[in-house]
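Trainee: Sharing protein.pdb, PDB, C-alpha atoms:
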```pdb
ATOM      1  CA  MET S   1      -8.459   4.151  97.983
ATOM      2  CA  ASN S   2     -11.559   2.017  98.485
ATOM      3  CA  ASN S   3     -12.901  -0.285  95.809
ATOM      4  CA  ARG S   4     -15.719  -2.713  95.019
ATOM      5  CA  LEU S   5     -13.538  -5.500  93.732
ATOM      6  CA  LYS S   6     -14.590  -8.057  96.316
ATOM      7  CA  VAL S   7     -18.297  -7.389  95.715
ATOM      8  CA  LEU S   8     -17.939  -7.475  91.938
ATOM      9  CA  ARG S   9     -15.929 -10.687  92.141
ATOM     10  CA  ALA S  10     -18.474 -12.300  94.464
ATOM     11  CA  GLU S  11     -21.329 -11.336  92.125
ATOM     12  CA  ARG S  12     -19.626 -13.329  89.391
ATOM     13  CA  ASP S  13     -18.790 -16.194  91.743
ATOM     14  CA  TRP S  14     -15.101 -15.915  90.909
ATOM     15  CA  SER S  15     -12.348 -16.900  93.271
ATOM     16  CA  GLN S  16      -9.376 -14.603  93.799
ATOM     17  CA  ALA S  17      -7.373 -17.001  91.640
ATOM     18  CA  ASP S  18      -9.982 -16.716  88.845
ATOM     19  CA  LEU S  19      -9.767 -12.929  88.903
ATOM     20  CA  ALA S  20      -5.975 -13.036  89.108
ATOM     21  CA  ASP S  21      -5.899 -15.246  86.039
ATOM     22  CA  ARG S  22      -8.171 -12.876  84.121
ATOM     23  CA  LEU S  23      -6.038  -9.883  85.087
ATOM     24  CA  GLY S  24      -2.668 -11.557  84.581
ATOM     25  CA  VAL S  25      -1.542 -10.891  88.151
ATOM     26  CA  SER S  26      -0.899 -13.087  91.173
ATOM     27  CA  ARG S  27      -3.572 -14.047  93.699
ATOM     28  CA  GLN S  28      -1.605 -12.139  96.333
ATOM     29  CA  THR S  29      -1.935  -8.982  94.237
ATOM     30  CA  VAL S  30      -5.708  -9.449  93.945
ATOM     31  CA  ASN S  31      -5.867  -9.832  97.725
ATOM     32  CA  ALA S  32      -3.820  -6.649  98.230
ATOM     33  CA  LEU S  33      -6.134  -4.800  95.815
ATOM     34  CA  GLU S  34      -9.308  -6.036  97.503
ATOM     35  CA  THR S  35      -8.152  -5.006 100.969
ATOM     36  CA  GLY S  36      -7.420  -1.529  99.612
ATOM     37  CA  ARG S  37      -3.814  -1.739 100.717
ATOM     38  CA  TYR S  38      -2.429  -1.576  97.197
ATOM     39  CA  ASP S  39      -3.597   0.921  94.591
ATOM     40  CA  PRO S  40      -3.276  -0.379  91.034
ATOM     41  CA  SER S  41      -1.462   1.398  88.251
ATOM     42  CA  LEU S  42      -3.575   3.083  85.600
ATOM     43  CA  PRO S  43      -3.063   0.242  83.064
ATOM     44  CA  LEU S  44      -4.133  -2.353  85.653
ATOM     45  CA  ALA S  45      -7.123  -0.213  86.681
ATOM     46  CA  PHE S  46      -8.226  -0.161  83.029
ATOM     47  CA  ARG S  47      -7.771  -3.933  82.804
ATOM     48  CA  ILE S  48      -9.917  -4.361  85.920
ATOM     49  CA  ALA S  49     -12.583  -2.084  84.435
ATOM     50  CA  ARG S  50     -12.529  -4.111  81.213
ATOM     51  CA  VAL S  51     -12.801  -7.442  83.036
ATOM     52  CA  PHE S  52     -15.826  -6.226  85.048
ATOM     53  CA  GLU S  53     -17.235  -4.239  82.108
ATOM     54  CA  GLN S  54     -17.692  -1.159  84.272
ATOM     55  CA  PRO S  55     -16.135   2.307  84.276
ATOM     56  CA  ILE S  56     -13.174   2.803  86.579
ATOM     57  CA  GLU S  57     -15.023   5.295  88.772
ATOM     58  CA  ALA S  58     -17.722   2.696  89.425
ATOM     59  CA  ILE S  59     -15.080   0.338  90.843
ATOM     60  CA  PHE S  60     -12.661   2.628  92.680
ATOM     61  CA  ILE S  61     -13.833   5.234  95.165
ATOM     62  CA  ALA S  62     -11.518   7.991  96.363
ATOM     63  CA  GLU S  63     -11.469   8.304 100.166
TER      64      GLU S  63
ATOM     65  CA  MET E   1      -6.174 -15.344  80.911
ATOM     66  CA  ASP E   2      -6.415 -12.204  78.873
ATOM     67  CA  PRO E   3      -3.673 -12.521  76.236
ATOM     68  CA  ALA E   4      -2.780  -8.843  76.693
ATOM     69  CA  SER E   5      -2.067  -9.364  80.374
ATOM     70  CA  ARG E   6      -0.158 -12.637  80.028
ATOM     71  CA  PRO E   7       3.430 -12.368  81.340
ATOM     72  CA  LYS E   8       5.957 -11.946  78.549
ATOM     73  CA  ARG E   9       7.742 -15.198  79.361
ATOM     74  CA  PRO E  10       6.945 -18.805  80.324
ATOM     75  CA  PHE E  11       5.772 -19.092  83.927
ATOM     76  CA  GLY E  12       4.828 -21.677  86.515
ATOM     77  CA  LEU E  13       6.608 -23.998  88.944
ATOM     78  CA  GLY E  14       8.316 -26.026  86.204
ATOM     79  CA  THR E  15       9.782 -22.857  84.727
ATOM     80  CA  TYR E  16      11.181 -21.784  88.102
ATOM     81  CA  ILE E  17      12.724 -25.232  88.684
ATOM     82  CA  LEU E  18      14.321 -25.099  85.228
ATOM     83  CA  LEU E  19      15.627 -21.600  85.969
ATOM     84  CA  ILE E  20      17.205 -22.706  89.262
ATOM     85  CA  VAL E  21      18.803 -25.732  87.570
ATOM     86  CA  GLY E  22      20.077 -23.534  84.725
ATOM     87  CA  VAL E  23      21.572 -20.917  87.061
ATOM     88  CA  THR E  24      23.210 -23.686  89.115
ATOM     89  CA  ILE E  25      24.752 -25.194  85.971
ATOM     90  CA  VAL E  26      26.002 -21.792  84.753
ATOM     91  CA  GLY E  27      27.501 -21.063  88.181
ATOM     92  CA  GLY E  28      29.109 -24.489  88.334
ATOM     93  CA  VAL E  29      30.584 -24.195  84.853
ATOM     94  CA  ALA E  30      31.867 -20.664  85.594
ATOM     95  CA  GLY E  31      33.439 -21.825  88.862
ATOM     96  CA  ALA E  32      35.015 -24.879  87.242
ATOM     97  CA  ALA E  33      36.349 -22.854  84.295
ATOM     98  CA  ARG E  34      37.778 -20.255  86.606
ATOM     99  CA  GLY E  35      39.350 -22.990  88.769
ATOM    100  CA  LEU E  36      40.842 -24.912  85.861
ATOM    101  CA  LEU E  37      41.884 -22.053  83.595
ATOM    102  CA  GLY E  38      42.168 -19.007  85.826
ATOM    103  CA  ASP E  39      45.159 -20.132  87.876
ATOM    104  CA  HIS E  40      47.629 -19.270  85.121
ATOM    105  CA  PRO E  41      49.992 -16.573  86.335
ATOM    106  CA  GLY E  42      49.866 -13.049  84.949
ATOM    107  CA  MET E  43      47.494 -11.572  82.435
ATOM    108  CA  ILE E  44      46.207 -14.875  81.020
ATOM    109  CA  GLY E  45      44.743 -15.985  84.340
ATOM    110  CA  LEU E  46      43.352 -12.521  84.972
ATOM    111  CA  ALA E  47      41.771 -12.381  81.506
ATOM    112  CA  VAL E  48      40.270 -15.864  81.864
ATOM    113  CA  THR E  49      38.827 -15.007  85.280
ATOM    114  CA  ALA E  50      37.406 -11.700  84.051
ATOM    115  CA  GLY E  51      35.978 -13.345  80.906
ATOM    116  CA  VAL E  52      34.338 -16.244  82.730
ATOM    117  CA  MET E  53      32.888 -14.011  85.430
ATOM    118  CA  SER E  54      31.634 -11.487  82.860
ATOM    119  CA  ALA E  55      29.883 -14.242  80.908
ATOM    120  CA  ALA E  56      28.312 -15.677  84.068
ATOM    121  CA  MET E  57      27.140 -12.244  85.209
ATOM    122  CA  ALA E  58      25.710 -11.459  81.748
ATOM    123  CA  ILE E  59      23.729 -14.713  81.801
ATOM    124  CA  ALA E  60      22.544 -14.030  85.355
ATOM    125  CA  PHE E  61      21.494 -10.497  84.395
ATOM    126  CA  ALA E  62      19.621 -11.786  81.343
ATOM    127  CA  ALA E  63      17.817 -14.265  83.615
ATOM    128  CA  CYS E  64      16.884 -11.370  85.938
ATOM    129  CA  ILE E  65      15.398  -9.382  83.043
ATOM    130  CA  TRP E  66      13.439 -12.423  81.904
ATOM    131  CA  TRP E  67      12.150 -13.001  85.456
ATOM    132  CA  TRP E  68      11.314  -9.285  86.006
ATOM    133  CA  ARG E  69       9.206  -9.162  82.831
ATOM    134  CA  GLY E  70       7.067 -11.986  84.174
ATOM    135  CA  ILE E  71       6.124 -10.689  87.612
ATOM    136  CA  ASP E  72       3.158  -8.369  88.123
ATOM    137  CA  GLU E  73       3.238  -4.743  89.261
ATOM    138  CA  ALA E  74       2.621  -5.397  92.969
ATOM    139  CA  ALA E  75       5.454  -7.917  93.049
ATOM    140  CA  ARG E  76       7.698  -5.366  91.330
ATOM    141  CA  GLU E  77       6.669  -2.699  93.823
ATOM    142  CA  ALA E  78       7.529  -5.042  96.698
ATOM    143  CA  HIS E  79      10.983  -5.669  95.233
ATOM    144  CA  LYS E  80      11.630  -1.986  94.529
ATOM    145  CA  TRP E  81      10.601  -1.016  98.067
ATOM    146  CA  ALA E  82      12.676  -3.835  99.529
ATOM    147  CA  TRP E  83      15.660  -2.866  97.382
ATOM    148  CA  TRP E  84      15.587   0.755  98.541
ATOM    149  CA  TRP E  85      14.627   0.447 102.228
ATOM    150  CA  GLY E  86      15.888  -3.048 102.999
ATOM    151  CA  GLY E  87      19.037  -2.807 100.905
ATOM    152  CA  SER E  88      19.890   0.679 102.128
ATOM    153  CA  GLY E  89      19.102  -0.199 105.745
ATOM    154  CA  GLY E  90      21.148  -3.378 105.561
ATOM    155  CA  MET E  91      24.028  -1.496 103.972
ATOM    156  CA  ALA E  92      23.912   1.134 106.736
ATOM    157  CA  VAL E  93      24.089  -1.518 109.451
ATOM    158  CA  GLY E  94      26.867  -3.368 107.622
ATOM    159  CA  ALA E  95      28.774  -0.132 107.088
ATOM    160  CA  VAL E  96      28.706   0.598 110.829
ATOM    161  CA  LEU E  97      30.233  -2.819 111.460
ATOM    162  CA  LEU E  98      32.855  -2.485 108.732
ATOM    163  CA  LEU E  99      33.850   1.074 109.596
ATOM    164  CA  THR E 100      34.091   0.177 113.263
ATOM    165  CA  LEU E 101      36.402  -2.702 112.401
ATOM    166  CA  THR E 102      38.353  -0.598 109.893
ATOM    167  CA  PHE E 103      38.988   2.345 112.199
ATOM    168  CA  GLY E 104      39.064   0.462 115.467
ATOM    169  CA  ASP E 105      42.194  -0.109 117.503
ATOM    170  CA  ASP E 106      42.573  -3.641 116.152
ATOM    171  CA  ALA E 107      42.697  -2.621 112.486
ATOM    172  CA  SER E 108      46.421  -3.316 112.210
ATOM    173  CA  THR E 109      46.041  -6.913 113.359
ATOM    174  CA  SER E 110      44.433  -8.077 110.102
ATOM    175  CA  ALA E 111      47.807  -8.110 108.315
ATOM    176  CA  GLU E 112      49.400  -9.880 111.228
ATOM    177  CA  VAL E 113      46.914 -12.768 111.047
ATOM    178  CA  GLY E 114      47.496 -13.296 107.346
ATOM    179  CA  PHE E 115      44.739 -11.371 105.525
ATOM    180  CA  SER E 116      45.922  -9.848 102.241
ATOM    181  CA  ALA E 117      44.464  -6.654 100.764
ATOM    182  CA  PRO E 118      42.298  -8.603  98.239
ATOM    183  CA  ASP E 119      41.034 -10.796 101.101
ATOM    184  CA  LEU E 120      39.950  -7.718 103.017
ATOM    185  CA  VAL E 121      38.293  -6.099  99.989
ATOM    186  CA  ALA E 122      36.411  -9.319  99.195
ATOM    187  CA  GLY E 123      35.476  -9.746 102.863
ATOM    188  CA  GLY E 124      34.098  -6.205 103.022
ATOM    189  CA  MET E 125      32.173  -6.659  99.786
ATOM    190  CA  TRP E 126      30.587  -9.933 100.909
ATOM    191  CA  THR E 127      29.772  -8.523 104.327
ATOM    192  CA  ILE E 128      27.923  -5.549 102.856
ATOM    193  CA  LEU E 129      26.197  -7.794 100.314
ATOM    194  CA  LEU E 130      25.008 -10.179 103.023
ATOM    195  CA  PHE E 131      23.685  -7.315 105.148
ATOM    196  CA  GLN E 132      21.909  -5.876 102.097
ATOM    197  CA  LEU E 133      20.381  -9.259 101.266
ATOM    198  CA  ALA E 134      19.227  -9.724 104.865
ATOM    199  CA  GLY E 135      17.664  -6.245 104.886
ATOM    200  CA  TYR E 136      16.128  -6.848 101.455
ATOM    201  CA  SER E 137      14.538 -10.127 102.543
ATOM    202  CA  ILE E 138      13.093  -8.622 105.722
ATOM    203  CA  ALA E 139      11.759  -5.548 103.874
ATOM    204  CA  TRP E 140      10.226  -7.726 101.144
ATOM    205  CA  ALA E 141       8.371  -9.811 103.740
ATOM    206  CA  VAL E 142       7.271  -6.631 105.558
ATOM    207  CA  TRP E 143       5.866  -5.160 102.330
ATOM    208  CA  TRP E 144       3.697  -8.193 101.673
ATOM    209  CA  LEU E 145       2.582  -8.410 105.297
ATOM    210  CA  LYS E 146       1.539  -4.761 105.155
ATOM    211  CA  HIS E 147      -0.391  -5.317 101.927
ATOM    212  CA  ARG E 148      -2.275  -8.480 102.896
TER     213      ARG E 148
END
```
Turn the structure described in the file into structure tokens.

Mentor:
Amino acid sequence: MNNRLKVLRAERDWSQADLADRLGVSRQTVNALETGRYDPSLPLAFRIARVFEQPIEAIFIAE
Amino acid sequence: MDPASRPKRPFGLGTYILLIVGVTIVGGVAGAARGLLGDHPGMIGLAVTAGVMSAAMAIAFAACIWWWRGIDEAAREAHKWAWWWGGSGGMAVGAVLLLTLTFGDDASTSAEVGFSAPDLVAGGMWTILLFQLAGYSIAWAVWWLKHR
């Protein structure tokens, strides 16, 4: 699954560590999410949507 | 950090150092207690050994629960994948070795060189465990490399 995490994070000038801290996950997990190699659980997807104040479908794009 | 997403336990390097020190102390105390009190002959020694080991394992298991509650979902997924594929793969390789030794032509020599039945059981258990741990470690590293 593709996503816009890296773009959204860059727009806010956050580092991966900043985003990880906001989401309560490790920086390695944020990296795995951004590269699209790890798909988040539904609860984490909702947390991501809340942090970026956008709907889930605006962040994650099905391939 | 969002309070809702904060791990349900203390975290950070200091916490991990404290955990390692604590586990080392528990292991040391369990080993010393078993060494000092478990050598009594008969049921007393057996009961002391079983009691001390049960307590140590209960503490270790509680520490595992506490640690598991604090890692995030990707880290959990890595450990679950490593446990299944790495642990199972390691066990399969170890089982080939053990079964070959068990059913090979030299199987009868173990008694001749002084290995008792408990020695052999413990040796088999540790061998499988070490192979599982090796497979687990490799699989865990592979999971993270694949998800970088």

Trainee: Which residues come within 12 Å of region 36-40 of chain S, counting all atoms listed in the file, excluding same-chain residues fewer than 2 positions away, as number ranges by chain?

Mentor: S: 1-6, 23, 25, 28-34, 42-49, 56, 59-63; E: 72-75, 77-78, 143-148

Trainee: Kindly give the distance, in Å, that separates CA of Ala117 (chain E) and CA of Gly86 (chain E), rounded to a single decimal.

Mentor: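 That distance, rounded to one decimal, is 28.9 Å.
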
Trainee: How big is the axis-aligned box, and where does its centre sit, when it encloses all atoms of region 46-52 of chain E listed in the file and has 5 Å added on every side, reported in Å to one decimal as AutoDock Vina command-line options?

Mentor:
```
--center_x 38.8 --center_y -14.0 --center_z 83.1 --size_x 19.0 --size_y 14.5 --size_z 14.4
```

Trainee: Could you check which of E:Gly90, E:Gly123, E:Gly114, E:Gly70 is closest to chain S, using all atoms listed in the file?

Mentor: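 The closest residue to chain S is E:Gly70.
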
Trainee: As an exercise, work out the distance from CA of Leu120 (chain E) to CA of Leu99 (chain E) in Å and give it to one decimal place.

Mentor: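 For CA of Leu120 (chain E) relative to CA of Leu99 (chain E), the distance reads 12.6 Å.
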
Trainee: Counting only C-alpha atoms, which residue out of S:Arg12, S:Gly24, S:Asp18, S:Arg50 sits closest to chain E?

Mentor: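 Selected residue with least distance to chain E: S:Gly24.
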
Trainee: Would you compute the distance between CA of Val7 (chain S) and CA of Val142 (chain E)? Give it in Å to one decimal.

Mentor: 27.4 Å

Trainee: So that I can check the surroundings of Ala17 (chain S), please list as a PyMOL selection string every protein, DNA and RNA residue that reaches within 7 Å of it, counting all atoms listed in the file and ignoring chain neighbours fewer than 3 positions away.

Mentor: chain S and resi 20-21+27

Trainee: Here is a test: counting all atoms listed in the file, which residue of E:Ala33, E:Leu129, E:Ile71, E:Leu97 is nearest to chain S?

Mentor: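 The shortest atom-to-atom distance to chain S comes from E:Ile71.
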